[in-house]
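For reference, start-v2.cif is printed below; it contains mmCIF, C-alpha atoms.
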```
data_model
#
loop_
_atom_site.label_atom_id
_atom_site.label_comp_id
_atom_site.auth_asym_id
_atom_site.auth_seq_id
_atom_site.Cartn_x
_atom_site.Cartn_y
_atom_site.Cartn_z
CA MET A 1 30.98 15.35 -35.81
CA ILE A 2 27.18 15.59 -35.92
CA LYS A 3 26.71 12.04 -34.63
CA THR A 4 29.14 12.60 -31.74
CA SER A 5 27.38 15.82 -30.84
CA ARG A 6 23.96 14.14 -30.81
CA TRP A 7 25.08 11.23 -28.66
CA SER A 8 26.90 13.59 -26.31
CA LYS A 9 23.64 15.48 -25.87
CA ALA A 10 21.78 12.21 -25.29
CA ALA A 11 24.26 11.20 -22.60
CA ALA A 12 23.99 14.59 -20.92
CA HIS A 13 20.20 14.47 -20.96
CA ALA A 14 20.17 10.93 -19.55
CA LEU A 15 22.60 11.98 -16.80
CA HIS A 16 20.14 14.67 -15.74
CA ARG A 17 17.18 12.25 -16.03
CA MET A 18 15.81 14.04 -19.05
CA PRO A 19 14.58 12.22 -22.17
CA ILE A 20 17.11 11.58 -24.90
CA ASN A 21 14.24 11.98 -27.41
CA SER A 22 14.82 8.62 -29.05
CA SER A 23 11.71 8.64 -31.25
CA THR A 24 9.63 11.50 -32.63
CA GLU A 25 6.47 11.44 -34.73
CA ILE A 26 5.69 14.64 -36.62
CA ARG A 27 2.12 14.82 -37.88
CA LEU A 28 2.33 17.14 -40.84
CA THR A 29 -1.38 17.60 -41.41
CA ARG A 30 -4.86 16.98 -40.04
CA LEU A 31 -6.12 16.44 -43.62
CA CYS A 32 -6.75 12.82 -44.52
CA SER A 33 -7.97 10.74 -47.46
CA GLN A 34 -9.54 8.14 -45.15
CA ARG A 35 -12.19 8.20 -42.43
CA CYS A 36 -11.01 5.46 -40.09
CA ARG A 37 -13.35 4.33 -37.34
CA GLN A 38 -10.58 4.43 -34.73
CA CYS A 39 -9.28 7.89 -35.66
CA GLN A 40 -10.54 11.46 -35.37
CA VAL A 41 -7.51 13.38 -36.67
CA TYR A 42 -9.56 14.76 -39.57
CA GLU A 43 -11.98 16.38 -37.08
CA ARG A 44 -9.31 18.74 -35.74
CA GLN A 45 -9.85 22.41 -36.54
CA THR A 46 -6.31 23.80 -36.38
CA GLU A 47 -5.27 26.44 -38.92
CA PRO A 48 -3.32 26.13 -41.04
CA ALA A 49 -4.25 22.50 -41.57
CA SER A 50 -0.72 21.47 -42.55
CA LEU A 51 2.86 22.36 -41.69
CA SER A 52 4.70 24.35 -44.33
CA LEU A 53 8.31 23.54 -45.18
CA ALA A 54 9.41 26.66 -43.31
CA SER A 55 7.47 25.65 -40.19
CA PHE A 56 8.81 22.11 -40.41
CA LYS A 57 12.36 23.48 -40.56
CA GLU A 58 11.64 25.62 -37.50
CA ILE A 59 10.53 22.53 -35.58
CA GLY A 60 13.45 20.53 -36.96
CA ALA A 61 15.98 23.12 -35.80
CA LYS A 62 14.69 22.76 -32.23
CA LEU A 63 14.79 18.99 -32.45
CA CYS A 64 18.37 19.11 -33.71
CA SER A 65 19.36 21.54 -30.97
CA TYR A 66 18.04 19.18 -28.29
CA GLY A 67 18.81 15.90 -30.04
CA ALA A 68 16.69 13.56 -32.15
CA HIS A 69 17.29 10.06 -33.50
CA ILE A 70 14.37 8.22 -35.14
CA GLY A 71 11.63 10.11 -36.96
CA PHE A 72 8.14 9.20 -38.15
CA ILE A 73 6.58 11.58 -40.68
CA SER A 74 2.81 11.11 -40.67
CA GLY A 75 -0.58 12.83 -40.73
CA GLY A 76 -3.52 12.67 -41.35
CA GLU A 77 -2.33 11.64 -44.76
CA ALA A 78 1.22 12.87 -45.21
CA THR A 79 1.11 12.59 -49.02
CA LEU A 80 -1.51 15.37 -49.10
CA VAL A 81 1.16 17.87 -47.99
CA PRO A 82 2.55 19.77 -51.02
CA ASP A 83 6.07 20.08 -49.59
CA LEU A 84 6.38 16.43 -48.56
CA ILE A 85 9.50 15.57 -50.58
CA PRO A 86 11.60 18.52 -49.33
CA ILE A 87 10.24 17.81 -45.83
CA LEU A 88 11.44 14.21 -46.11
CA GLU A 89 14.81 15.44 -47.34
CA GLU A 90 15.04 17.70 -44.30
CA SER A 91 13.95 14.80 -42.07
CA ARG A 92 16.99 12.77 -43.02
CA ARG A 93 19.17 15.52 -41.57
CA ILE A 94 17.07 15.86 -38.40
CA PHE A 95 16.83 12.12 -37.71
CA PRO A 96 20.21 10.51 -38.38
CA THR A 97 19.22 6.99 -37.28
CA ALA A 98 16.14 6.50 -39.47
CA THR A 99 13.25 8.33 -41.11
CA ASN A 100 9.92 6.57 -41.61
CA LEU A 101 7.13 7.83 -43.85
CA VAL A 102 3.71 6.79 -42.49
CA THR A 103 1.11 6.86 -45.26
CA GLY A 104 -2.27 5.26 -45.86
CA LEU A 105 -1.41 4.98 -49.59
CA ILE A 106 -4.81 6.37 -50.55
CA ASN A 107 -3.92 9.07 -53.08
CA GLN A 108 -3.33 9.42 -56.81
CA THR A 109 -1.06 6.65 -58.07
CA GLU A 110 1.42 8.88 -59.90
CA HIS A 111 1.78 11.15 -56.89
CA LEU A 112 2.48 8.15 -54.65
CA ARG A 113 4.93 6.81 -57.21
CA GLU A 114 6.95 10.05 -57.11
CA ILE A 115 7.06 10.08 -53.31
CA ALA A 116 7.91 6.37 -53.10
CA ARG A 117 10.73 6.76 -55.62
CA PHE A 118 12.29 9.47 -53.46
CA CYS A 119 11.92 7.38 -50.29
CA LEU A 120 13.50 4.32 -51.92
CA GLU A 121 16.38 6.35 -53.32
CA GLN A 122 17.04 7.87 -49.89
CA ASN A 123 16.49 4.62 -47.92
CA ILE A 124 13.53 6.11 -46.07
CA ASN A 125 11.28 3.43 -44.58
CA ILE A 126 7.62 3.33 -45.63
CA GLN A 127 4.83 2.22 -43.31
CA THR A 128 1.21 1.82 -44.32
CA SER A 129 -1.92 0.33 -42.75
CA LEU A 130 -3.68 -2.82 -43.91
CA ASP A 131 -6.49 -3.45 -41.46
CA GLY A 132 -9.02 -5.44 -43.44
CA LEU A 133 -10.16 -6.96 -46.72
CA GLY A 134 -13.36 -6.34 -48.67
CA ALA A 135 -16.28 -4.81 -46.80
CA ILE A 136 -14.49 -5.08 -43.45
CA GLY A 137 -11.55 -3.04 -44.72
CA ASP A 138 -13.89 -0.44 -46.24
CA ASN A 139 -15.79 -0.22 -42.96
CA LEU A 140 -12.67 0.15 -40.82
CA ARG A 141 -10.93 2.71 -43.05
CA GLY A 142 -13.93 4.62 -44.40
CA VAL A 143 -13.08 4.39 -48.11
CA ASP A 144 -14.33 2.24 -50.98
CA HIS A 145 -12.14 -0.62 -52.22
CA PHE A 146 -9.65 0.09 -49.44
CA ALA A 147 -7.63 -3.15 -49.55
CA GLU A 148 -7.45 -3.36 -53.33
CA ARG A 149 -6.13 0.20 -53.61
CA VAL A 150 -3.59 -0.13 -50.83
CA LEU A 151 -2.33 -3.53 -52.00
CA ASP A 152 -1.96 -2.22 -55.58
CA HIS A 153 0.14 0.68 -54.34
CA MET A 154 2.18 -1.59 -52.07
CA ALA A 155 2.92 -3.82 -55.09
CA MET A 156 3.88 -0.78 -57.16
CA ILE A 157 6.40 0.32 -54.51
CA SER A 158 7.84 -3.19 -54.25
CA ALA A 159 8.37 -3.28 -58.01
CA MET A 160 10.36 -0.02 -57.76
CA ARG A 161 12.51 -1.16 -54.85
CA GLY A 162 15.67 -2.31 -56.62
CA SER A 163 18.62 -2.23 -54.23
CA SER A 164 16.99 0.19 -51.77
CA ARG A 165 17.47 -0.55 -48.09
CA SER A 166 14.10 0.96 -47.21
CA LEU A 167 12.03 -1.19 -44.88
CA LEU A 168 8.49 -1.64 -46.20
CA TYR A 169 5.90 -2.72 -43.66
CA ALA A 170 2.14 -2.75 -43.17
CA ASN A 171 0.62 -2.25 -39.74
CA ILE A 172 -2.41 -4.38 -38.92
CA VAL A 173 -4.48 -3.15 -35.98
CA LEU A 174 -6.22 -6.07 -34.29
CA ASN A 175 -9.88 -5.47 -33.48
CA ARG A 176 -12.99 -7.60 -33.15
CA LEU A 177 -13.98 -7.05 -36.78
CA ASN A 178 -10.79 -8.22 -38.51
CA LEU A 179 -9.43 -11.11 -36.39
CA ASP A 180 -10.37 -13.76 -38.97
CA GLN A 181 -8.61 -11.85 -41.76
CA VAL A 182 -5.24 -11.20 -40.11
CA PRO A 183 -3.41 -14.34 -41.40
CA GLU A 184 -4.52 -13.55 -44.96
CA LEU A 185 -3.49 -9.90 -44.57
CA ILE A 186 0.01 -10.97 -43.48
CA THR A 187 0.22 -13.43 -46.38
CA LYS A 188 -0.85 -10.84 -48.94
CA ALA A 189 1.73 -8.36 -47.64
CA LYS A 190 4.46 -11.01 -47.74
CA LYS A 191 3.68 -12.01 -51.32
CA ILE A 192 4.39 -8.48 -52.52
CA GLY A 193 7.53 -8.05 -50.44
CA TRP A 194 6.25 -6.23 -47.35
CA LYS A 195 6.63 -7.18 -43.71
CA SER A 196 3.81 -6.72 -41.21
CA THR A 197 3.48 -5.31 -37.73
CA ILE A 198 0.68 -6.04 -35.29
CA GLY A 199 -1.03 -3.39 -33.21
CA LEU A 200 -4.04 -3.42 -30.88
CA TYR A 201 -7.03 -1.14 -31.15
CA HIS A 202 -6.96 1.49 -28.39
CA HIS A 203 -8.34 4.97 -27.71
CA LEU A 204 -5.55 6.37 -25.53
CA THR A 205 -4.27 9.31 -27.51
CA GLU A 206 -5.40 12.73 -28.68
CA THR A 207 -6.66 11.52 -32.06
CA THR A 208 -8.02 8.02 -31.32
CA ARG A 209 -11.69 7.43 -30.59
CA GLU A 210 -13.59 4.94 -28.44
CA ASP A 211 -15.52 2.29 -30.35
CA ASP A 212 -16.92 -0.63 -28.37
CA GLU A 213 -17.40 -2.73 -31.50
CA LEU A 214 -13.63 -2.66 -32.15
CA ALA A 215 -12.42 -3.32 -28.59
CA LEU A 216 -10.69 -6.70 -28.20
CA ILE A 217 -11.98 -9.29 -25.76
CA ASP A 218 -10.62 -12.69 -24.78
CA GLU A 219 -12.35 -15.13 -27.13
CA PRO A 220 -11.49 -18.35 -29.04
CA ARG A 221 -10.83 -16.45 -32.29
CA LEU A 222 -8.22 -14.33 -30.58
CA VAL A 223 -6.58 -17.33 -28.93
CA GLN A 224 -6.31 -19.06 -32.31
CA LEU A 225 -4.86 -15.95 -33.94
CA LEU A 226 -2.28 -15.44 -31.21
CA GLU A 227 -1.11 -19.03 -31.69
CA PHE A 228 -0.60 -18.19 -35.37
CA LEU A 229 1.33 -15.01 -34.50
CA ASP A 230 3.53 -16.65 -31.84
CA GLY A 231 7.03 -16.82 -33.36
CA ASN A 232 5.71 -15.84 -36.81
CA PRO A 233 8.75 -14.77 -38.92
CA ASP A 234 6.65 -12.50 -41.14
CA ILE A 235 5.82 -9.97 -38.43
CA LEU A 236 8.28 -7.48 -36.96
CA ASN A 237 6.87 -7.39 -33.43
CA LEU A 238 8.79 -8.66 -30.45
CA ASN A 239 7.42 -12.07 -29.57
CA SER A 240 7.14 -10.96 -25.95
CA PHE A 241 4.64 -8.35 -27.13
CA ILE A 242 2.55 -10.99 -28.92
CA LEU A 243 2.66 -13.35 -25.94
CA GLY A 244 1.55 -10.57 -23.61
CA ILE A 245 -1.61 -9.60 -25.49
CA ARG A 246 -3.94 -12.16 -23.93
CA PRO A 247 -2.61 -11.79 -20.35
CA PHE A 248 -3.09 -8.04 -20.69
CA LEU A 249 -6.71 -8.44 -21.82
CA LEU A 250 -7.30 -10.77 -18.86
CA GLY A 251 -5.88 -8.18 -16.48
CA GLU A 252 -2.90 -10.36 -15.59
CA ARG A 253 -0.05 -8.33 -17.06
CA THR A 254 1.00 -4.87 -18.12
CA THR A 255 4.23 -2.91 -17.96
CA PRO A 256 5.06 0.24 -16.05
CA CYS A 257 4.38 3.42 -17.97
CA PRO A 258 7.59 3.83 -20.00
CA PHE A 259 7.48 7.61 -19.66
CA VAL A 260 7.66 7.19 -15.87
CA ALA A 261 9.73 4.02 -15.49
CA ALA A 262 12.36 4.85 -18.12
CA PRO A 263 12.14 8.60 -18.74
CA ALA A 264 15.53 8.85 -20.45
CA LEU A 265 15.34 6.01 -22.95
CA MET A 266 11.66 5.47 -23.60
CA THR A 267 10.32 8.87 -24.64
CA ARG A 268 8.20 8.93 -27.77
CA LEU A 269 7.09 12.41 -28.74
CA THR A 270 4.22 13.28 -31.03
CA ILE A 271 4.31 16.74 -32.58
CA MET A 272 1.04 17.89 -34.10
CA GLU A 273 0.49 20.06 -37.16
CA ASN A 274 0.26 23.15 -34.92
CA ALA A 275 3.56 22.20 -33.15
CA ASP A 276 1.85 21.03 -29.94
CA VAL A 277 3.95 18.35 -28.24
CA HIS A 278 2.21 15.25 -26.85
CA LEU A 279 3.35 12.14 -25.00
CA CYS A 280 0.45 9.68 -24.74
CA TRP A 281 -2.93 10.74 -23.33
CA GLY A 282 -3.47 13.94 -21.40
CA GLY A 283 -3.11 16.88 -23.75
CA PRO A 284 -0.06 18.84 -24.90
CA ILE A 285 2.95 19.55 -22.70
CA GLY A 286 4.17 22.50 -24.77
CA ASN A 287 4.52 23.95 -28.26
CA LEU A 288 7.67 24.06 -30.38
CA PHE A 289 6.72 27.31 -32.08
CA THR A 290 7.01 29.14 -28.76
CA GLN A 291 9.35 26.95 -26.67
CA THR A 292 12.47 24.87 -27.01
CA LEU A 293 12.30 21.16 -26.32
CA GLU A 294 14.51 21.57 -23.27
CA GLU A 295 12.14 24.19 -21.88
CA ILE A 296 9.24 21.80 -22.43
CA PHE A 297 10.98 18.91 -20.66
CA ARG A 298 11.91 21.18 -17.77
CA GLY A 299 8.42 22.61 -17.59
CA GLN A 300 5.62 22.04 -15.10
CA ALA A 301 3.22 20.60 -17.68
CA TYR A 302 5.64 17.75 -18.41
CA ARG A 303 6.19 17.00 -14.71
CA ASP A 304 2.46 17.15 -13.99
CA LEU A 305 1.66 14.72 -16.79
CA LEU A 306 4.30 12.24 -15.61
CA GLN A 307 2.71 12.39 -12.17
CA ARG A 308 -0.69 11.57 -13.68
CA TYR A 309 0.87 8.68 -15.62
CA ARG A 310 1.96 7.09 -12.31
CA ASP A 311 -1.68 6.20 -11.70
CA CYS A 312 -2.27 4.81 -15.21
CA ALA A 313 -3.72 1.30 -15.25
CA GLY A 314 -1.41 0.36 -18.12
CA CYS A 315 -1.67 -0.42 -21.82
CA TRP A 316 -0.34 -2.87 -24.38
CA THR A 317 0.63 -0.90 -27.48
CA THR A 318 3.42 -1.09 -30.03
CA CYS A 319 4.22 2.59 -29.53
CA TYR A 320 4.76 2.44 -25.77
CA THR A 321 4.65 -1.09 -24.31
CA GLN A 322 6.80 -2.73 -26.96
CA ARG A 323 9.48 -0.07 -26.59
CA TYR A 324 9.63 -0.84 -22.87
CA LEU A 325 9.77 -4.59 -23.47
CA LEU A 326 12.68 -4.13 -25.88
CA ILE A 327 15.11 -3.04 -23.17
CA HIS A 328 13.42 -4.71 -20.19
CA PRO A 329 13.32 -8.42 -21.12
CA HIS A 330 11.99 -10.76 -18.45
CA SER A 331 14.42 -13.57 -19.24
CA ALA A 332 17.54 -14.47 -21.18
CA GLY A 333 15.25 -16.05 -23.76
CA GLU A 334 13.38 -12.77 -24.25
CA LEU A 335 16.67 -10.88 -24.52
CA PHE A 336 17.91 -13.28 -27.20
CA GLY A 337 14.61 -13.00 -29.05
CA ASN A 338 14.75 -9.20 -28.96
CA LEU A 339 18.31 -9.14 -30.31
CA LYS A 340 17.42 -11.62 -33.02
CA LYS A 341 14.46 -9.49 -34.09
CA ILE A 342 16.55 -6.32 -34.25
CA ILE A 343 19.24 -8.01 -36.33
CA LYS A 344 16.61 -9.37 -38.70
CA MET A 345 15.07 -5.92 -39.12
CA LYS A 346 18.46 -4.39 -39.92
CA LYS A 347 19.00 -7.01 -42.63
CA ALA A 348 15.60 -6.37 -44.24
CA PRO A 349 14.57 -6.62 -46.99
#
```

Please express the file's structure as structure tokens.
Amino acid sequence: MIKTSRWSKAAAHALHRMPINSSTEIRLTRLCSQRCRQCQVYERQTEPASLSLASFKEIGAKLCSYGAHIGFISGGEATLVPDLIPILEESRRIFPTATNLVTGLINQTEHLREIARFCLEQNINIQTSLDGLGAIGDNLRGVDHFAERVLDHMAMISAMRGSSRSLLYANIVLNRLNLDQVPELITKAKKIGWKSTIGLYHHLTETTREDDELALIDEPRLVQLLEFLDGNPDILNLNSFILGIRPFLLGERTTPCPFVAAPALMTRLTIMENADVHLCWGGPIGNLFTQTLEEIFRGQAYRDLLQRYRDCAGCWTTCYTQRYLLIHPHSAGELFGNLKKIIKMKKAP
């Protein structure tokens, strides 16, 4: 009954050219245990700093009323939120397709063990970040012994996995400092039972910062790495996304803004710890403490931001570009590759 209701809502929204709200990230807190060079979430000054369980349920009720499908529960550092386990339990009801916990895995081991056990028992996916080894990793993530700590906790979770259907994956953000380490990062993740995803450094959104030292350029190291990533079975990215990285950097290729070109299917909402609702860049389009999601999507702020996005020069990100590529393949070969990747993900681990 619930599934039919949700898909009926999605169809009705699509018919009226409104987003079906396919994917929603809820950032529970601005508090963080890392100080990443590319991120400024911990510099936010909102009060309270974290969503309570009651506030999360209030947001969840509005998501359910409108319709929601895939959820990402993140921060800051989500494991710093005291009510995380009941929030994750609530998330499974809000997001019937999948719930993903996004955590940097920098916290006390026993606390992470308790949270991971719950996720594995409930088949909640776990995503972490693994951007660099040694001094490079410490520099990028702003903590001492970053890679050792994260890899130890990844191994701990793998050892607990049993028959869980949770997908475990580490996101590696490509930047000029870590290009030489990416193959080893993927190998280390694979050895302990985790898949990898590849992202590109950017500073598009509300909480990402500009850093010229991280910005990718077309160079021989990148060309060599992309050859390694092309068709690599140990990464979850669409191969069309990997193959498009270099043309994008050379100014030869981008995709239309998915929020403009495919407003029904391609929406990815980000809800901040104060319930502000964001798309990509450009500030909030509403607040779920004071509005319903339908009111936000029918509002002037949403329409104005879409109009601004029409002039966007384009991006190449996993959050936005890859979602567009998934349902807009350029050839039969790309379509087959996309389907093959989806099937492989569903069969993981």

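You will find CA of Leu168 (chain A) at 18.1 Å from CA of Gly132 (chain A).
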
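The closest residue to His202 (chain A), picked from A:Leu238, A:Ala332, A:Cys315, A:Leu51 and counting only C-alpha atoms, is A:Cys315.
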
Pick from A:Arg323, A:Thr187, A:Gly137, A:Leu31 nearest to Glu47 (chain A), counting all atoms listed in the file: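 Distance minimum relative to Glu47 (chain A) lands on A:Leu31.
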
Surrounding residues of Met154 (chain A) excluding itself and chain neighbours under 2 positions, 8 Å, only C-alpha atoms, as a count of residues only: 9

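With all atoms listed in the file as the atoms that count, the minimum distance from Ile73 (chain A) to the choices A:Gly314, A:Gly60, A:Gly142, A:Gly299 is reached by A:Gly60.
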
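The shortest atom-to-atom distance to Lys188 (chain A), with only C-alpha atoms taken into account, belongs to A:Tyr169 out of A:Tyr201, A:Tyr324, A:Tyr42, A:Tyr169.
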
Reference answer for the PyMOL selection byres ((chain A and resi 216-218) around 7), as a PyMOL selection string: chain A and resi 175-176+214-215+219+222+246+249

Top pick for closest residue to Ala313 (chain A), considering A:Glu58, A:Asp138, A:Glu252, A:Glu273 and counting only C-alpha atoms: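 Of A:Glu58, A:Asp138, A:Glu252, A:Glu273, the one nearest Ala313 (chain A), counting only C-alpha atoms, is A:Glu252.
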
Residue among A:Leu185, A:Ile172, A:Glu227, A:Glu90 lying closest to Leu133 (chain A), counting all atoms listed in the file: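 Using all atoms listed in the file, the shortest distance to Leu133 (chain A) belongs to A:Leu185.
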
Each side padded by 3 Å, which centre and which edge lengths in Å (one decimal) define the axis-aligned box around the listed atoms of region 268-281 of chain A? Give them as JSON.
```
{"center_x": 2.6, "center_y": 16.0, "center_z": -30.2, "size_x": 17.1, "size_y": 20.2, "size_z": 19.8}
```

Between CA of Asn107 (chain A) and CA of Asp144 (chain A) - distance in Å to one decimal: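 For CA of Asp144 (chain A) relative to CA of Asn107 (chain A), the distance reads 12.6 Å.
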
Contact residues around region 309-312 of chain A with all atoms listed in the file at 10 Å, ignoring same-chain residues under 2 positions, as a list in words: Pro256, Cys257, Pro258, Phe259, Val260, Ala261, Cys280, Trp281, Gly282, Arg303, Asp304, Leu305, Leu306, Gln307, Gly314 and Cys315 of chain A

Picked residues, the PyMOL selection byres ((chain A and resi 27) around 10), as a PyMOL selection string: chain A and resi 24-26+28-30+41+50-51+72-78+102+270-275

Separation of CA of Ser129 (chain A) from CA of Ile235 (chain A), in Å and rounded to one decimal: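 Distance between the two atoms: 13.6 Å.
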
Expansion of the PyMOL selection byres ((chain A and resi 131) around 10) into residues, as an MDAnalysis selection string: chainID A and resid 128:130 132:133 136:141 146:147 170:175 177:179 181:182 185 198:199

Surrounding residues of region 67-70 of chain A excluding itself and chain neighbours under 4 positions, 10 Å, all atoms listed in the file, as a VMD selection string: chain A and resid 3 5 to 10 13 19 to 25 60 to 63 91 to 100 268 293 to 294

Shell of 10 Å around Leu229 (chain A), only C-alpha atoms, local chain residues under 2 positions omitted, as an MDAnalysis selection string: chainID A and resid 182:183 186 198 223:227 231:235 237 239 242:243

Residue rebuild result region 111-139 of chain A, N, CA and C atoms as a PDB file, in the coordinates of the input:
```
ATOM      1  N   HIS A 111       1.241  10.354 -58.004  1.00  0.00           N
ATOM      2  CA  HIS A 111       1.780  11.150 -56.890  1.00  0.00           C
ATOM      3  C   HIS A 111       2.475  10.232 -55.889  1.00  0.00           C
ATOM      4  N   LEU A 112       1.855   9.110 -55.558  1.00  0.00           N
ATOM      5  CA  LEU A 112       2.480   8.150 -54.650  1.00  0.00           C
ATOM      6  C   LEU A 112       3.748   7.567 -55.249  1.00  0.00           C
ATOM      7  N   ARG A 113       3.744   7.351 -56.561  1.00  0.00           N
ATOM      8  CA  ARG A 113       4.930   6.810 -57.210  1.00  0.00           C
ATOM      9  C   ARG A 113       6.133   7.763 -57.049  1.00  0.00           C
ATOM     10  N   GLU A 114       5.887   9.060 -57.241  1.00  0.00           N
ATOM     11  CA  GLU A 114       6.950  10.050 -57.110  1.00  0.00           C
ATOM     12  C   GLU A 114       7.519  10.078 -55.693  1.00  0.00           C
ATOM     13  N   ILE A 115       6.622  10.046 -54.709  1.00  0.00           N
ATOM     14  CA  ILE A 115       7.060  10.080 -53.310  1.00  0.00           C
ATOM     15  C   ILE A 115       7.797   8.792 -52.955  1.00  0.00           C
ATOM     16  N   ALA A 116       7.268   7.656 -53.399  1.00  0.00           N
ATOM     17  CA  ALA A 116       7.910   6.370 -53.100  1.00  0.00           C
ATOM     18  C   ALA A 116       9.284   6.287 -53.733  1.00  0.00           C
ATOM     19  N   ARG A 117       9.421   6.785 -54.955  1.00  0.00           N
ATOM     20  CA  ARG A 117      10.730   6.760 -55.620  1.00  0.00           C
ATOM     21  C   ARG A 117      11.763   7.532 -54.787  1.00  0.00           C
ATOM     22  N   PHE A 118      11.366   8.699 -54.287  1.00  0.00           N
ATOM     23  CA  PHE A 118      12.290   9.470 -53.460  1.00  0.00           C
ATOM     24  C   PHE A 118      12.654   8.703 -52.195  1.00  0.00           C
ATOM     25  N   CYS A 119      11.664   8.125 -51.526  1.00  0.00           N
ATOM     26  CA  CYS A 119      11.920   7.380 -50.290  1.00  0.00           C
ATOM     27  C   CYS A 119      12.876   6.209 -50.547  1.00  0.00           C
ATOM     28  N   LEU A 120      12.651   5.479 -51.621  1.00  0.00           N
ATOM     29  CA  LEU A 120      13.500   4.320 -51.920  1.00  0.00           C
ATOM     30  C   LEU A 120      14.913   4.753 -52.258  1.00  0.00           C
ATOM     31  N   GLU A 121      15.044   5.858 -52.976  1.00  0.00           N
ATOM     32  CA  GLU A 121      16.380   6.350 -53.320  1.00  0.00           C
ATOM     33  C   GLU A 121      17.141   6.804 -52.077  1.00  0.00           C
ATOM     34  N   GLN A 122      16.416   7.328 -51.092  1.00  0.00           N
ATOM     35  CA  GLN A 122      17.040   7.870 -49.890  1.00  0.00           C
ATOM     36  C   GLN A 122      17.021   6.883 -48.715  1.00  0.00           C
ATOM     37  N   ASN A 123      16.560   5.649 -48.963  1.00  0.00           N
ATOM     38  CA  ASN A 123      16.490   4.620 -47.920  1.00  0.00           C
ATOM     39  C   ASN A 123      15.607   5.042 -46.751  1.00  0.00           C
ATOM     40  N   ILE A 124      14.536   5.746 -47.072  1.00  0.00           N
ATOM     41  CA  ILE A 124      13.530   6.110 -46.070  1.00  0.00           C
ATOM     42  C   ILE A 124      12.524   4.974 -45.977  1.00  0.00           C
ATOM     43  N   ASN A 125      12.234   4.523 -44.773  1.00  0.00           N
ATOM     44  CA  ASN A 125      11.280   3.430 -44.580  1.00  0.00           C
ATOM     45  C   ASN A 125       9.861   3.913 -44.869  1.00  0.00           C
ATOM     46  N   ILE A 126       9.016   2.997 -45.323  1.00  0.00           N
ATOM     47  CA  ILE A 126       7.620   3.330 -45.630  1.00  0.00           C
ATOM     48  C   ILE A 126       6.714   2.390 -44.844  1.00  0.00           C
ATOM     49  N   GLN A 127       5.825   2.980 -44.065  1.00  0.00           N
ATOM     50  CA  GLN A 127       4.830   2.220 -43.310  1.00  0.00           C
ATOM     51  C   GLN A 127       3.442   2.578 -43.809  1.00  0.00           C
ATOM     52  N   THR A 128       2.610   1.570 -43.995  1.00  0.00           N
ATOM     53  CA  THR A 128       1.210   1.820 -44.320  1.00  0.00           C
ATOM     54  C   THR A 128       0.338   1.016 -43.371  1.00  0.00           C
ATOM     55  N   SER A 129      -0.972   1.078 -43.581  1.00  0.00           N
ATOM     56  CA  SER A 129      -1.920   0.330 -42.750  1.00  0.00           C
ATOM     57  C   SER A 129      -2.721  -0.610 -43.646  1.00  0.00           C
ATOM     58  N   LEU A 130      -2.932  -1.812 -43.161  1.00  0.00           N
ATOM     59  CA  LEU A 130      -3.680  -2.820 -43.910  1.00  0.00           C
ATOM     60  C   LEU A 130      -4.568  -3.560 -42.916  1.00  0.00           C
ATOM     61  N   ASP A 131      -5.692  -2.951 -42.578  1.00  0.00           N
ATOM     62  CA  ASP A 131      -6.490  -3.450 -41.460  1.00  0.00           C
ATOM     63  C   ASP A 131      -7.585  -4.436 -41.829  1.00  0.00           C
ATOM     64  N   GLY A 132      -7.937  -4.533 -43.108  1.00  0.00           N
ATOM     65  CA  GLY A 132      -9.020  -5.440 -43.440  1.00  0.00           C
ATOM     66  C   GLY A 132      -9.216  -5.577 -44.927  1.00  0.00           C
ATOM     67  N   LEU A 133      -9.873  -6.664 -45.313  1.00  0.00           N
ATOM     68  CA  LEU A 133     -10.160  -6.960 -46.720  1.00  0.00           C
ATOM     69  C   LEU A 133     -11.644  -6.754 -46.997  1.00  0.00           C
ATOM     70  N   GLY A 134     -11.967  -6.430 -48.257  1.00  0.00           N
ATOM     71  CA  GLY A 134     -13.360  -6.340 -48.670  1.00  0.00           C
ATOM     72  C   GLY A 134     -14.148  -5.331 -47.845  1.00  0.00           C
ATOM     73  N   ALA A 135     -15.382  -5.724 -47.512  1.00  0.00           N
ATOM     74  CA  ALA A 135     -16.280  -4.810 -46.800  1.00  0.00           C
ATOM     75  C   ALA A 135     -15.750  -4.454 -45.417  1.00  0.00           C
ATOM     76  N   ILE A 136     -15.044  -5.376 -44.778  1.00  0.00           N
ATOM     77  CA  ILE A 136     -14.490  -5.080 -43.450  1.00  0.00           C
ATOM     78  C   ILE A 136     -13.439  -3.981 -43.550  1.00  0.00           C
ATOM     79  N   GLY A 137     -12.558  -4.079 -44.527  1.00  0.00           N
ATOM     80  CA  GLY A 137     -11.550  -3.040 -44.720  1.00  0.00           C
ATOM     81  C   GLY A 137     -12.188  -1.692 -45.023  1.00  0.00           C
ATOM     82  N   ASP A 138     -13.201  -1.686 -45.899  1.00  0.00           N
ATOM     83  CA  ASP A 138     -13.890  -0.440 -46.240  1.00  0.00           C
ATOM     84  C   ASP A 138     -14.546   0.182 -45.012  1.00  0.00           C
ATOM     85  N   ASN A 139     -15.128  -0.677 -44.177  1.00  0.00           N
ATOM     86  CA  ASN A 139     -15.790  -0.220 -42.960  1.00  0.00           C
ATOM     87  C   ASN A 139     -14.787   0.385 -41.981  1.00  0.00           C
TER      88      ASN A 139
END
```
